[in-house]
Amino acid sequence: MSSIATITITPGAIERQPADHAPKSQGSLARQRIEPASAAGQGMPRWLRRLSGPVLLVLLWHVASQTGVLPGEVLAGPSTVIGSAAKLIETGELQDAMVISLSRALAGLAIGGTIGVTLSVLAGLFRLGEDLVDATMQMLRTVPNIALIPLLIIWFGIGEAPKIALIALGTAFPLYLNVYAGIRNVDSTLIEAGRTLGLSRTAMIRHVVLPGALPSALVGLRYSLGIAWLALVFGEQINATAGIGYLMANAREMFQTDVIVVCLVVYALLGLGVDFTVRTLEKVFLAWRPAFSGT
């Protein structure tokens, strides 16, 4: 007869005991701790793993520049880029440009986000609002924002207004779509539970609908922030006299690829910073919602 393995579960460990070796006492059990599969491969810190990709890319870029595979007139090497960044920081040009560009992006996001969230709440909560708003928003969101630049210049001139308007247009639609979808996808059982508990319409919206739509709203905010930087790049080409786009336009005229790369890196770092802020907000405001975080 084949032996049958018995498994004994005790707090903190899982023990495996073959049946054909009957124990004489509890202390003679052969114990074997079983580790979960997700615990394997966690020796390297996660932040180091996330950083390894960009570091490897920079190393390849440096090697290609030093060996001549990537000529300097095509793309400046990392050492040249770092030197140019140090000069711009020393003169204060880079800091001033970052402040101006960041203020434009945040102003456009504030305007576009307010419009997008307001319209999505009206369309999501009320059928009349959906009938009046949704078809128009779905039509306008398919129009390329870049194609509107000539009209924006005619309407607002060549100052700050068309730049901020372009960013506002780009950020309004992702927030509208995600907040609207979040409201309409709230679990109907929660709505029924709220009605059973006697919640008023206002209390239902405040305590059930809006918290249920918050995850989708934060996803929409992350999309909007990404589009804000893309719109900022195009917006700062409209007769800009300051900002990161202005530095990039001047560098393009002078064929200064090192300055262009510095501007691109600054755009990327600013975008990464605001994305990190939104991810932090997700951890704070969505602490009540357990979610899958990967294996």
# chains A, B, ... in the order shown; residues from 1 in each chain; ligands from 1

call {"tool": "residues_around", "arguments": {"residues": "segment 258-269 of chain A", "least_positions_apart": "6", "cutoff": "9 Å", "atoms": "only C-alpha atoms", "output": "list in words"}}
result
Gly72, Leu75, Ala76, Gly77, Pro78, Thr80, Val81, Ile82, Gly83, Ser84, Ala85, Leu88, Leu94, Met98, Trp229, Val233, Ile244, Gly245, Leu247, Met248, Ala249, Ala251 and Arg252 of chain A

call {"tool": "select_by_dssp", "arguments": {"residues": "segment 138-195 of chain A", "states": "helix (DSSP H, G or I)", "output": "mmCIF file with all heavy atoms, in the first residue's frame"}}
result
data_model
loop_
_atom_site.group_PDB
_atom_site.id
_atom_site.type_symbol
_atom_site.label_atom_id
_atom_site.label_comp_id
_atom_site.auth_asym_id
_atom_site.auth_seq_id
_atom_site.Cartn_x
_atom_site.Cartn_y
_atom_site.Cartn_z
ATOM 1 N N GLN A 138 -18.505 64.069 -26.647
ATOM 2 C CA GLN A 138 -17.981 62.962 -27.452
ATOM 3 C C GLN A 138 -17.592 63.420 -28.849
ATOM 4 O O GLN A 138 -16.649 62.879 -29.450
ATOM 5 C CB GLN A 138 -19.033 61.844 -27.542
ATOM 6 C CG GLN A 138 -19.407 61.209 -26.219
ATOM 7 C CD GLN A 138 -18.246 60.485 -25.570
ATOM 8 O OE1 GLN A 138 -17.275 60.111 -26.210
ATOM 9 N NE2 GLN A 138 -18.351 60.265 -24.262
ATOM 10 N N MET A 139 -18.281 64.415 -29.358
ATOM 11 C CA MET A 139 -17.954 64.941 -30.682
ATOM 12 C C MET A 139 -16.683 65.797 -30.628
ATOM 13 O O MET A 139 -15.777 65.652 -31.458
ATOM 14 C CB MET A 139 -19.115 65.771 -31.214
ATOM 15 C CG MET A 139 -18.861 66.432 -32.558
ATOM 16 S SD MET A 139 -20.254 67.443 -33.096
ATOM 17 C CE MET A 139 -20.260 68.725 -31.826
ATOM 18 N N LEU A 140 -16.579 66.660 -29.617
ATOM 19 C CA LEU A 140 -15.449 67.585 -29.536
ATOM 20 C C LEU A 140 -14.148 66.878 -29.197
ATOM 21 O O LEU A 140 -13.077 67.320 -29.614
ATOM 22 C CB LEU A 140 -15.740 68.679 -28.504
ATOM 23 C CG LEU A 140 -16.838 69.678 -28.854
ATOM 24 C CD1 LEU A 140 -17.048 70.653 -27.711
ATOM 25 C CD2 LEU A 140 -16.494 70.427 -30.136
ATOM 26 N N ASN A 145 -6.515 68.648 -30.901
ATOM 27 C CA ASN A 145 -6.300 69.947 -30.263
ATOM 28 C C ASN A 145 -5.311 70.806 -31.039
ATOM 29 O O ASN A 145 -5.429 72.043 -31.061
ATOM 30 C CB ASN A 145 -5.791 69.738 -28.829
ATOM 31 C CG ASN A 145 -6.834 69.093 -27.937
ATOM 32 O OD1 ASN A 145 -8.024 69.246 -28.161
ATOM 33 N ND2 ASN A 145 -6.394 68.370 -26.933
ATOM 34 N N ILE A 146 -4.334 70.147 -31.668
ATOM 35 C CA ILE A 146 -3.331 70.907 -32.406
ATOM 36 C C ILE A 146 -3.959 71.657 -33.578
ATOM 37 O O ILE A 146 -3.509 72.740 -33.944
ATOM 38 C CB ILE A 146 -2.217 69.973 -32.906
ATOM 39 C CG1 ILE A 146 -1.683 69.112 -31.764
ATOM 40 C CG2 ILE A 146 -1.090 70.766 -33.529
ATOM 41 C CD1 ILE A 146 -1.191 69.891 -30.581
ATOM 42 N N ALA A 147 -5.025 71.074 -34.140
ATOM 43 C CA ALA A 147 -5.686 71.729 -35.269
ATOM 44 C C ALA A 147 -6.401 73.016 -34.843
ATOM 45 O O ALA A 147 -6.751 73.835 -35.697
ATOM 46 C CB ALA A 147 -6.692 70.768 -35.909
ATOM 47 N N LEU A 148 -6.598 73.188 -33.541
ATOM 48 C CA LEU A 148 -7.288 74.376 -33.050
ATOM 49 C C LEU A 148 -6.348 75.549 -32.795
ATOM 50 O O LEU A 148 -6.811 76.636 -32.437
ATOM 51 C CB LEU A 148 -8.041 74.039 -31.753
ATOM 52 C CG LEU A 148 -9.150 72.993 -31.867
ATOM 53 C CD1 LEU A 148 -9.725 72.690 -30.493
ATOM 54 C CD2 LEU A 148 -10.246 73.466 -32.806
ATOM 55 N N ILE A 149 -5.049 75.340 -32.941
ATOM 56 C CA ILE A 149 -4.101 76.411 -32.637
ATOM 57 C C ILE A 149 -4.357 77.674 -33.465
ATOM 58 O O ILE A 149 -4.352 78.787 -32.910
ATOM 59 C CB ILE A 149 -2.650 75.902 -32.824
ATOM 60 C CG1 ILE A 149 -2.306 74.885 -31.730
ATOM 61 C CG2 ILE A 149 -1.657 77.060 -32.795
ATOM 62 C CD1 ILE A 149 -0.916 74.311 -31.838
ATOM 63 N N PRO A 150 -4.599 77.583 -34.794
ATOM 64 C CA PRO A 150 -4.892 78.826 -35.544
ATOM 65 C C PRO A 150 -6.104 79.572 -35.002
ATOM 66 O O PRO A 150 -6.083 80.810 -34.898
ATOM 67 C CB PRO A 150 -5.131 78.318 -36.971
ATOM 68 C CG PRO A 150 -4.374 77.038 -37.047
ATOM 69 C CD PRO A 150 -4.503 76.418 -35.698
ATOM 70 N N LEU A 151 -7.166 78.824 -34.645
ATOM 71 C CA LEU A 151 -8.343 79.487 -34.095
ATOM 72 C C LEU A 151 -8.042 80.113 -32.736
ATOM 73 O O LEU A 151 -8.509 81.208 -32.425
ATOM 74 C CB LEU A 151 -9.489 78.489 -33.960
ATOM 75 C CG LEU A 151 -10.251 78.134 -35.241
ATOM 76 C CD1 LEU A 151 -11.324 77.095 -34.939
ATOM 77 C CD2 LEU A 151 -10.895 79.385 -35.831
ATOM 78 N N LEU A 152 -7.276 79.427 -31.912
ATOM 79 C CA LEU A 152 -6.936 79.970 -30.598
ATOM 80 C C LEU A 152 -6.122 81.253 -30.717
ATOM 81 O O LEU A 152 -6.299 82.192 -29.927
ATOM 82 C CB LEU A 152 -6.156 78.925 -29.784
ATOM 83 C CG LEU A 152 -6.941 77.659 -29.403
ATOM 84 C CD1 LEU A 152 -6.029 76.682 -28.667
ATOM 85 C CD2 LEU A 152 -8.138 78.000 -28.538
ATOM 86 N N ILE A 153 -5.236 81.302 -31.716
ATOM 87 C CA ILE A 153 -4.462 82.529 -31.927
ATOM 88 C C ILE A 153 -5.367 83.666 -32.365
ATOM 89 O O ILE A 153 -5.222 84.817 -31.919
ATOM 90 C CB ILE A 153 -3.337 82.271 -32.965
ATOM 91 C CG1 ILE A 153 -2.316 81.277 -32.400
ATOM 92 C CG2 ILE A 153 -2.649 83.571 -33.359
ATOM 93 C CD1 ILE A 153 -1.235 80.883 -33.380
ATOM 94 N N ILE A 154 -6.335 83.359 -33.242
ATOM 95 C CA ILE A 154 -7.263 84.395 -33.702
ATOM 96 C C ILE A 154 -8.131 84.886 -32.543
ATOM 97 O O ILE A 154 -8.398 86.087 -32.399
ATOM 98 C CB ILE A 154 -8.139 83.855 -34.847
ATOM 99 C CG1 ILE A 154 -7.267 83.577 -36.081
ATOM 100 C CG2 ILE A 154 -9.245 84.836 -35.200
ATOM 101 C CD1 ILE A 154 -8.005 82.912 -37.220
ATOM 102 N N TRP A 155 -8.596 83.957 -31.708
ATOM 103 C CA TRP A 155 -9.498 84.322 -30.613
ATOM 104 C C TRP A 155 -8.778 85.027 -29.461
ATOM 105 O O TRP A 155 -9.286 85.987 -28.894
ATOM 106 C CB TRP A 155 -10.195 83.072 -30.074
ATOM 107 C CG TRP A 155 -11.147 82.442 -31.043
ATOM 108 C CD1 TRP A 155 -11.700 83.005 -32.160
ATOM 109 C CD2 TRP A 155 -11.657 81.100 -30.999
ATOM 110 N NE1 TRP A 155 -12.508 82.117 -32.810
ATOM 111 C CE2 TRP A 155 -12.511 80.946 -32.119
ATOM 112 C CE3 TRP A 155 -11.481 80.034 -30.128
ATOM 113 C CZ2 TRP A 155 -13.181 79.759 -32.379
ATOM 114 C CZ3 TRP A 155 -12.142 78.846 -30.379
ATOM 115 C CH2 TRP A 155 -12.991 78.714 -31.496
ATOM 116 N N PHE A 156 -7.600 84.523 -29.089
ATOM 117 C CA PHE A 156 -6.939 85.002 -27.858
ATOM 118 C C PHE A 156 -5.637 85.743 -28.114
ATOM 119 O O PHE A 156 -4.998 86.187 -27.154
ATOM 120 C CB PHE A 156 -6.653 83.816 -26.933
ATOM 121 C CG PHE A 156 -7.875 83.046 -26.538
ATOM 122 C CD1 PHE A 156 -8.091 81.763 -27.037
ATOM 123 C CD2 PHE A 156 -8.821 83.588 -25.679
ATOM 124 C CE1 PHE A 156 -9.213 81.043 -26.671
ATOM 125 C CE2 PHE A 156 -9.944 82.877 -25.323
ATOM 126 C CZ PHE A 156 -10.147 81.600 -25.815
ATOM 127 N N GLU A 160 -0.350 84.610 -23.416
ATOM 128 C CA GLU A 160 -0.455 83.417 -22.586
ATOM 129 C C GLU A 160 -1.783 82.692 -22.778
ATOM 130 O O GLU A 160 -1.869 81.481 -22.573
ATOM 131 C CB GLU A 160 -0.301 83.798 -21.110
ATOM 132 C CG GLU A 160 1.099 84.248 -20.727
ATOM 133 C CD GLU A 160 2.106 83.116 -20.877
ATOM 134 O OE1 GLU A 160 1.863 82.025 -20.327
ATOM 135 O OE2 GLU A 160 3.129 83.323 -21.549
ATOM 136 N N ALA A 161 -2.817 83.427 -23.158
ATOM 137 C CA ALA A 161 -4.163 82.845 -23.222
ATOM 138 C C ALA A 161 -4.257 81.626 -24.149
ATOM 139 O O ALA A 161 -4.830 80.601 -23.759
ATOM 140 C CB ALA A 161 -5.176 83.914 -23.633
ATOM 141 N N PRO A 162 -3.747 81.671 -25.393
ATOM 142 C CA PRO A 162 -3.887 80.483 -26.250
ATOM 143 C C PRO A 162 -3.115 79.276 -25.729
ATOM 144 O O PRO A 162 -3.542 78.134 -25.927
ATOM 145 C CB PRO A 162 -3.340 80.950 -27.604
ATOM 146 C CG PRO A 162 -2.462 82.100 -27.286
ATOM 147 C CD PRO A 162 -3.095 82.783 -26.124
ATOM 148 N N LYS A 163 -1.997 79.507 -25.069
ATOM 149 C CA LYS A 163 -1.233 78.393 -24.503
ATOM 150 C C LYS A 163 -2.028 77.694 -23.400
ATOM 151 O O LYS A 163 -2.130 76.456 -23.364
ATOM 152 C CB LYS A 163 0.106 78.898 -23.954
ATOM 153 C CG LYS A 163 0.973 79.632 -24.968
ATOM 154 C CD LYS A 163 2.214 80.184 -24.320
ATOM 155 C CE LYS A 163 3.094 80.957 -25.288
ATOM 156 N NZ LYS A 163 2.419 82.134 -25.879
ATOM 157 N N ILE A 164 -2.581 78.482 -22.498
ATOM 158 C CA ILE A 164 -3.365 77.907 -21.403
ATOM 159 C C ILE A 164 -4.647 77.280 -21.929
ATOM 160 O O ILE A 164 -5.078 76.217 -21.451
ATOM 161 C CB ILE A 164 -3.670 78.995 -20.355
ATOM 162 C CG1 ILE A 164 -2.356 79.477 -19.723
ATOM 163 C CG2 ILE A 164 -4.625 78.482 -19.281
ATOM 164 C CD1 ILE A 164 -2.514 80.616 -18.745
ATOM 165 N N ALA A 165 -5.267 77.904 -22.937
ATOM 166 C CA ALA A 165 -6.489 77.350 -23.520
ATOM 167 C C ALA A 165 -6.231 76.002 -24.175
ATOM 168 O O ALA A 165 -7.052 75.074 -24.076
ATOM 169 C CB ALA A 165 -7.080 78.325 -24.531
ATOM 170 N N LEU A 166 -5.085 75.863 -24.838
ATOM 171 C CA LEU A 166 -4.745 74.589 -25.476
ATOM 172 C C LEU A 166 -4.571 73.485 -24.431
ATOM 173 O O LEU A 166 -5.042 72.360 -24.622
ATOM 174 C CB LEU A 166 -3.460 74.752 -26.294
ATOM 175 C CG LEU A 166 -3.012 73.542 -27.117
ATOM 176 C CD1 LEU A 166 -4.035 73.233 -28.208
ATOM 177 C CD2 LEU A 166 -1.638 73.791 -27.731
ATOM 178 N N ILE A 167 -3.931 73.810 -23.323
ATOM 179 C CA ILE A 167 -3.764 72.824 -22.254
ATOM 180 C C ILE A 167 -5.112 72.490 -21.623
ATOM 181 O O ILE A 167 -5.397 71.323 -21.316
ATOM 182 C CB ILE A 167 -2.784 73.369 -21.194
ATOM 183 C CG1 ILE A 167 -1.405 73.592 -21.822
ATOM 184 C CG2 ILE A 167 -2.670 72.412 -20.011
ATOM 185 C CD1 ILE A 167 -0.436 74.332 -20.924
ATOM 186 N N ALA A 168 -5.955 73.491 -21.438
ATOM 187 C CA ALA A 168 -7.277 73.257 -20.845
ATOM 188 C C ALA A 168 -8.114 72.330 -21.720
ATOM 189 O O ALA A 168 -8.798 71.429 -21.211
ATOM 190 C CB ALA A 168 -7.994 74.593 -20.632
ATOM 191 N N LEU A 169 -8.061 72.538 -23.024
ATOM 192 C CA LEU A 169 -8.816 71.666 -23.929
ATOM 193 C C LEU A 169 -8.302 70.230 -23.868
ATOM 194 O O LEU A 169 -9.082 69.274 -23.896
ATOM 195 C CB LEU A 169 -8.710 72.199 -25.365
ATOM 196 C CG LEU A 169 -9.540 73.440 -25.701
ATOM 197 C CD1 LEU A 169 -9.185 73.943 -27.098
ATOM 198 C CD2 LEU A 169 -11.028 73.127 -25.613
ATOM 199 N N GLY A 170 -6.998 70.081 -23.785
ATOM 200 C CA GLY A 170 -6.438 68.738 -23.758
ATOM 201 C C GLY A 170 -6.724 67.980 -22.484
ATOM 202 O O GLY A 170 -6.848 66.749 -22.501
ATOM 203 N N THR A 171 -6.837 68.688 -21.355
ATOM 204 C CA THR A 171 -7.029 68.016 -20.067
ATOM 205 C C THR A 171 -8.494 67.810 -19.695
ATOM 206 O O THR A 171 -8.788 66.995 -18.817
ATOM 207 C CB THR A 171 -6.343 68.823 -18.951
ATOM 208 O OG1 THR A 171 -6.856 70.165 -18.950
ATOM 209 C CG2 THR A 171 -4.845 68.866 -19.170
ATOM 210 N N ALA A 172 -9.396 68.524 -20.337
ATOM 211 C CA ALA A 172 -10.804 68.431 -19.945
ATOM 212 C C ALA A 172 -11.418 67.084 -20.312
ATOM 213 O O ALA A 172 -12.170 66.499 -19.522
ATOM 214 C CB ALA A 172 -11.605 69.562 -20.603
ATOM 215 N N PHE A 173 -11.092 66.560 -21.477
ATOM 216 C CA PHE A 173 -11.772 65.364 -21.963
ATOM 217 C C PHE A 173 -11.396 64.080 -21.223
ATOM 218 O O PHE A 173 -12.283 63.268 -20.922
ATOM 219 C CB PHE A 173 -11.541 65.210 -23.469
ATOM 220 C CG PHE A 173 -12.106 66.337 -24.278
ATOM 221 C CD1 PHE A 173 -11.270 67.257 -24.896
ATOM 222 C CD2 PHE A 173 -13.473 66.515 -24.393
ATOM 223 C CE1 PHE A 173 -11.789 68.306 -25.633
ATOM 224 C CE2 PHE A 173 -14.014 67.557 -25.133
ATOM 225 C CZ PHE A 173 -13.167 68.460 -25.745
ATOM 226 N N PRO A 174 -10.125 63.832 -20.880
ATOM 227 C CA PRO A 174 -9.843 62.614 -20.094
ATOM 228 C C PRO A 174 -10.542 62.608 -18.743
ATOM 229 O O PRO A 174 -11.044 61.568 -18.303
ATOM 230 C CB PRO A 174 -8.319 62.649 -19.940
ATOM 231 C CG PRO A 174 -7.833 63.461 -21.068
ATOM 232 C CD PRO A 174 -8.879 64.496 -21.301
ATOM 233 N N LEU A 175 -10.599 63.755 -18.092
ATOM 234 C CA LEU A 175 -11.297 63.817 -16.799
ATOM 235 C C LEU A 175 -12.792 63.610 -16.986
ATOM 236 O O LEU A 175 -13.438 62.918 -16.185
ATOM 237 C CB LEU A 175 -11.021 65.160 -16.125
ATOM 238 C CG LEU A 175 -9.753 65.207 -15.271
ATOM 239 C CD1 LEU A 175 -9.429 66.635 -14.860
ATOM 240 C CD2 LEU A 175 -9.913 64.326 -14.046
ATOM 241 N N TYR A 176 -13.333 64.213 -18.040
ATOM 242 C CA TYR A 176 -14.768 64.027 -18.283
ATOM 243 C C TYR A 176 -15.101 62.558 -18.495
ATOM 244 O O TYR A 176 -16.030 62.016 -17.867
ATOM 245 C CB TYR A 176 -15.203 64.845 -19.500
ATOM 246 C CG TYR A 176 -16.619 64.529 -19.940
ATOM 247 C CD1 TYR A 176 -17.709 65.124 -19.328
ATOM 248 C CD2 TYR A 176 -16.870 63.599 -20.954
ATOM 249 C CE1 TYR A 176 -19.014 64.816 -19.708
ATOM 250 C CE2 TYR A 176 -18.158 63.286 -21.340
ATOM 251 C CZ TYR A 176 -19.224 63.902 -20.710
ATOM 252 O OH TYR A 176 -20.503 63.576 -21.085
ATOM 253 N N LEU A 177 -14.361 61.887 -19.358
ATOM 254 C CA LEU A 177 -14.661 60.494 -19.682
ATOM 255 C C LEU A 177 -14.528 59.587 -18.463
ATOM 256 O O LEU A 177 -15.378 58.727 -18.210
ATOM 257 C CB LEU A 177 -13.736 60.011 -20.805
ATOM 258 C CG LEU A 177 -13.961 60.628 -22.187
ATOM 259 C CD1 LEU A 177 -12.863 60.184 -23.134
ATOM 260 C CD2 LEU A 177 -15.323 60.251 -22.728
ATOM 261 N N ASN A 178 -13.469 59.766 -17.688
ATOM 262 C CA ASN A 178 -13.224 58.867 -16.567
ATOM 263 C C ASN A 178 -14.175 59.125 -15.399
ATOM 264 O O ASN A 178 -14.643 58.174 -14.766
ATOM 265 C CB ASN A 178 -11.767 58.990 -16.114
ATOM 266 C CG ASN A 178 -10.811 58.264 -17.018
ATOM 267 O OD1 ASN A 178 -10.561 57.080 -16.869
ATOM 268 N ND2 ASN A 178 -10.267 58.972 -17.988
ATOM 269 N N VAL A 179 -14.450 60.383 -15.107
ATOM 270 C CA VAL A 179 -15.384 60.669 -14.016
ATOM 271 C C VAL A 179 -16.796 60.227 -14.391
ATOM 272 O O VAL A 179 -17.518 59.642 -13.575
ATOM 273 C CB VAL A 179 -15.355 62.169 -13.652
ATOM 274 C CG1 VAL A 179 -16.405 62.491 -12.596
ATOM 275 C CG2 VAL A 179 -13.976 62.558 -13.128
ATOM 276 N N TYR A 180 -17.180 60.478 -15.627
ATOM 277 C CA TYR A 180 -18.501 60.047 -16.096
ATOM 278 C C TYR A 180 -18.633 58.525 -16.020
ATOM 279 O O TYR A 180 -19.634 57.995 -15.517
ATOM 280 C CB TYR A 180 -18.711 60.543 -17.521
ATOM 281 C CG TYR A 180 -19.961 60.013 -18.190
ATOM 282 C CD1 TYR A 180 -21.207 60.546 -17.891
ATOM 283 C CD2 TYR A 180 -19.889 58.979 -19.126
ATOM 284 C CE1 TYR A 180 -22.357 60.069 -18.510
ATOM 285 C CE2 TYR A 180 -21.026 58.496 -19.740
ATOM 286 C CZ TYR A 180 -22.254 59.042 -19.433
ATOM 287 O OH TYR A 180 -23.381 58.551 -20.034
ATOM 288 N N ALA A 181 -17.606 57.823 -16.502
ATOM 289 C CA ALA A 181 -17.643 56.360 -16.447
ATOM 290 C C ALA A 181 -17.627 55.868 -15.008
ATOM 291 O O ALA A 181 -18.289 54.876 -14.670
ATOM 292 C CB ALA A 181 -16.464 55.782 -17.216
ATOM 293 N N GLY A 182 -16.874 56.540 -14.139
ATOM 294 C CA GLY A 182 -16.839 56.132 -12.745
ATOM 295 C C GLY A 182 -18.181 56.276 -12.059
ATOM 296 O O GLY A 182 -18.585 55.405 -11.269
ATOM 297 N N ILE A 183 -18.893 57.349 -12.354
ATOM 298 C CA ILE A 183 -20.221 57.548 -11.754
ATOM 299 C C ILE A 183 -21.201 56.498 -12.259
ATOM 300 O O ILE A 183 -21.946 55.892 -11.475
ATOM 301 C CB ILE A 183 -20.727 58.971 -12.072
ATOM 302 C CG1 ILE A 183 -19.872 60.009 -11.342
ATOM 303 C CG2 ILE A 183 -22.192 59.127 -11.675
ATOM 304 C CD1 ILE A 183 -20.208 61.433 -11.697
ATOM 305 N N ARG A 184 -21.192 56.254 -13.551
ATOM 306 C CA ARG A 184 -22.154 55.310 -14.120
ATOM 307 C C ARG A 184 -21.817 53.851 -13.789
ATOM 308 O O ARG A 184 -22.689 52.984 -13.931
ATOM 309 C CB ARG A 184 -22.228 55.497 -15.632
ATOM 310 C CG ARG A 184 -22.933 56.791 -16.030
ATOM 311 C CD ARG A 184 -24.338 56.840 -15.446
ATOM 312 N NE ARG A 184 -25.042 58.058 -15.714
ATOM 313 C CZ ARG A 184 -25.866 58.234 -16.744
ATOM 314 N NH1 ARG A 184 -26.057 57.246 -17.605
ATOM 315 N NH2 ARG A 184 -26.484 59.386 -16.903
ATOM 316 N N SER A 188 -24.583 48.896 -8.409
ATOM 317 C CA SER A 188 -26.007 49.155 -8.149
ATOM 318 C C SER A 188 -26.448 48.619 -6.792
ATOM 319 O O SER A 188 -27.392 49.142 -6.203
ATOM 320 C CB SER A 188 -26.859 48.527 -9.260
ATOM 321 O OG SER A 188 -26.649 47.128 -9.326
ATOM 322 N N THR A 189 -25.767 47.577 -6.285
ATOM 323 C CA THR A 189 -26.134 47.061 -4.962
ATOM 324 C C THR A 189 -25.845 48.087 -3.874
ATOM 325 O O THR A 189 -26.566 48.142 -2.857
ATOM 326 C CB THR A 189 -25.368 45.760 -4.680
ATOM 327 O OG1 THR A 189 -23.961 46.003 -4.775
ATOM 328 C CG2 THR A 189 -25.773 44.677 -5.664
ATOM 329 N N LEU A 190 -24.808 48.885 -4.071
ATOM 330 C CA LEU A 190 -24.530 49.944 -3.103
ATOM 331 C C LEU A 190 -25.615 51.007 -3.132
ATOM 332 O O LEU A 190 -26.003 51.553 -2.084
ATOM 333 C CB LEU A 190 -23.165 50.577 -3.403
ATOM 334 C CG LEU A 190 -21.939 49.660 -3.277
ATOM 335 C CD1 LEU A 190 -20.665 50.411 -3.659
ATOM 336 C CD2 LEU A 190 -21.822 49.116 -1.853
ATOM 337 N N ILE A 191 -26.107 51.301 -4.316
ATOM 338 C CA ILE A 191 -27.200 52.268 -4.428
ATOM 339 C C ILE A 191 -28.447 51.744 -3.717
ATOM 340 O O ILE A 191 -29.121 52.474 -2.961
ATOM 341 C CB ILE A 191 -27.506 52.568 -5.906
ATOM 342 C CG1 ILE A 191 -26.244 53.082 -6.624
ATOM 343 C CG2 ILE A 191 -28.643 53.558 -6.026
ATOM 344 C CD1 ILE A 191 -25.737 54.384 -6.112
ATOM 345 N N GLU A 192 -28.753 50.476 -3.940
ATOM 346 C CA GLU A 192 -29.924 49.885 -3.276
ATOM 347 C C GLU A 192 -29.734 49.855 -1.766
ATOM 348 O O GLU A 192 -30.680 50.079 -1.006
ATOM 349 C CB GLU A 192 -30.156 48.471 -3.814
ATOM 350 C CG GLU A 192 -30.578 48.416 -5.275
ATOM 351 C CD GLU A 192 -31.899 49.126 -5.526
ATOM 352 O OE1 GLU A 192 -32.756 49.134 -4.602
ATOM 353 O OE2 GLU A 192 -32.064 49.691 -6.622
ATOM 354 N N ALA A 193 -28.524 49.570 -1.326
ATOM 355 C CA ALA A 193 -28.265 49.564 0.113
ATOM 356 C C ALA A 193 -28.465 50.954 0.701
ATOM 357 O O ALA A 193 -29.013 51.110 1.801
ATOM 358 C CB ALA A 193 -26.855 49.069 0.383
ATOM 359 N N GLY A 194 -28.018 51.982 -0.022
ATOM 360 C CA GLY A 194 -28.220 53.340 0.458
ATOM 361 C C GLY A 194 -29.682 53.716 0.537
ATOM 362 O O GLY A 194 -30.121 54.379 1.488
ATOM 363 N N ARG A 195 -30.461 53.291 -0.448
ATOM 364 C CA ARG A 195 -31.898 53.575 -0.401
ATOM 365 C C ARG A 195 -32.567 52.840 0.739
ATOM 366 O O ARG A 195 -33.472 53.354 1.402
ATOM 367 C CB ARG A 195 -32.529 53.175 -1.727
ATOM 368 C CG ARG A 195 -32.129 54.079 -2.898
ATOM 369 C CD ARG A 195 -32.620 53.531 -4.219
ATOM 370 N NE ARG A 195 -32.259 54.397 -5.343
ATOM 371 C CZ ARG A 195 -32.373 54.070 -6.619
ATOM 372 N NH1 ARG A 195 -32.837 52.855 -6.939
ATOM 373 N NH2 ARG A 195 -32.021 54.919 -7.570
#

call {"tool": "atom_distance", "arguments": {"atom1": "atom CA of Gly116 of chain A", "atom2": "atom CA of Gly159 of chain A"}}
result
24.1 Å

call {"tool": "closest_residue", "arguments": {"among": "A:Ile89, A:Ala97, A:Leu218, A:Leu51", "to": "Thr280 of chain A", "atoms": "only C-alpha atoms"}}
result
A:Leu218

call {"tool": "atom_distance", "arguments": {"atom1": "atom CA of Leu106 of chain A", "atom2": "atom CA of Gly226 of chain A"}}
result
11.9 Å

call {"tool": "atom_distance", "arguments": {"atom1": "atom CA of Glu282 of chain A", "atom2": "atom CA of Pro215 of chain A"}}
result
7.6 Å
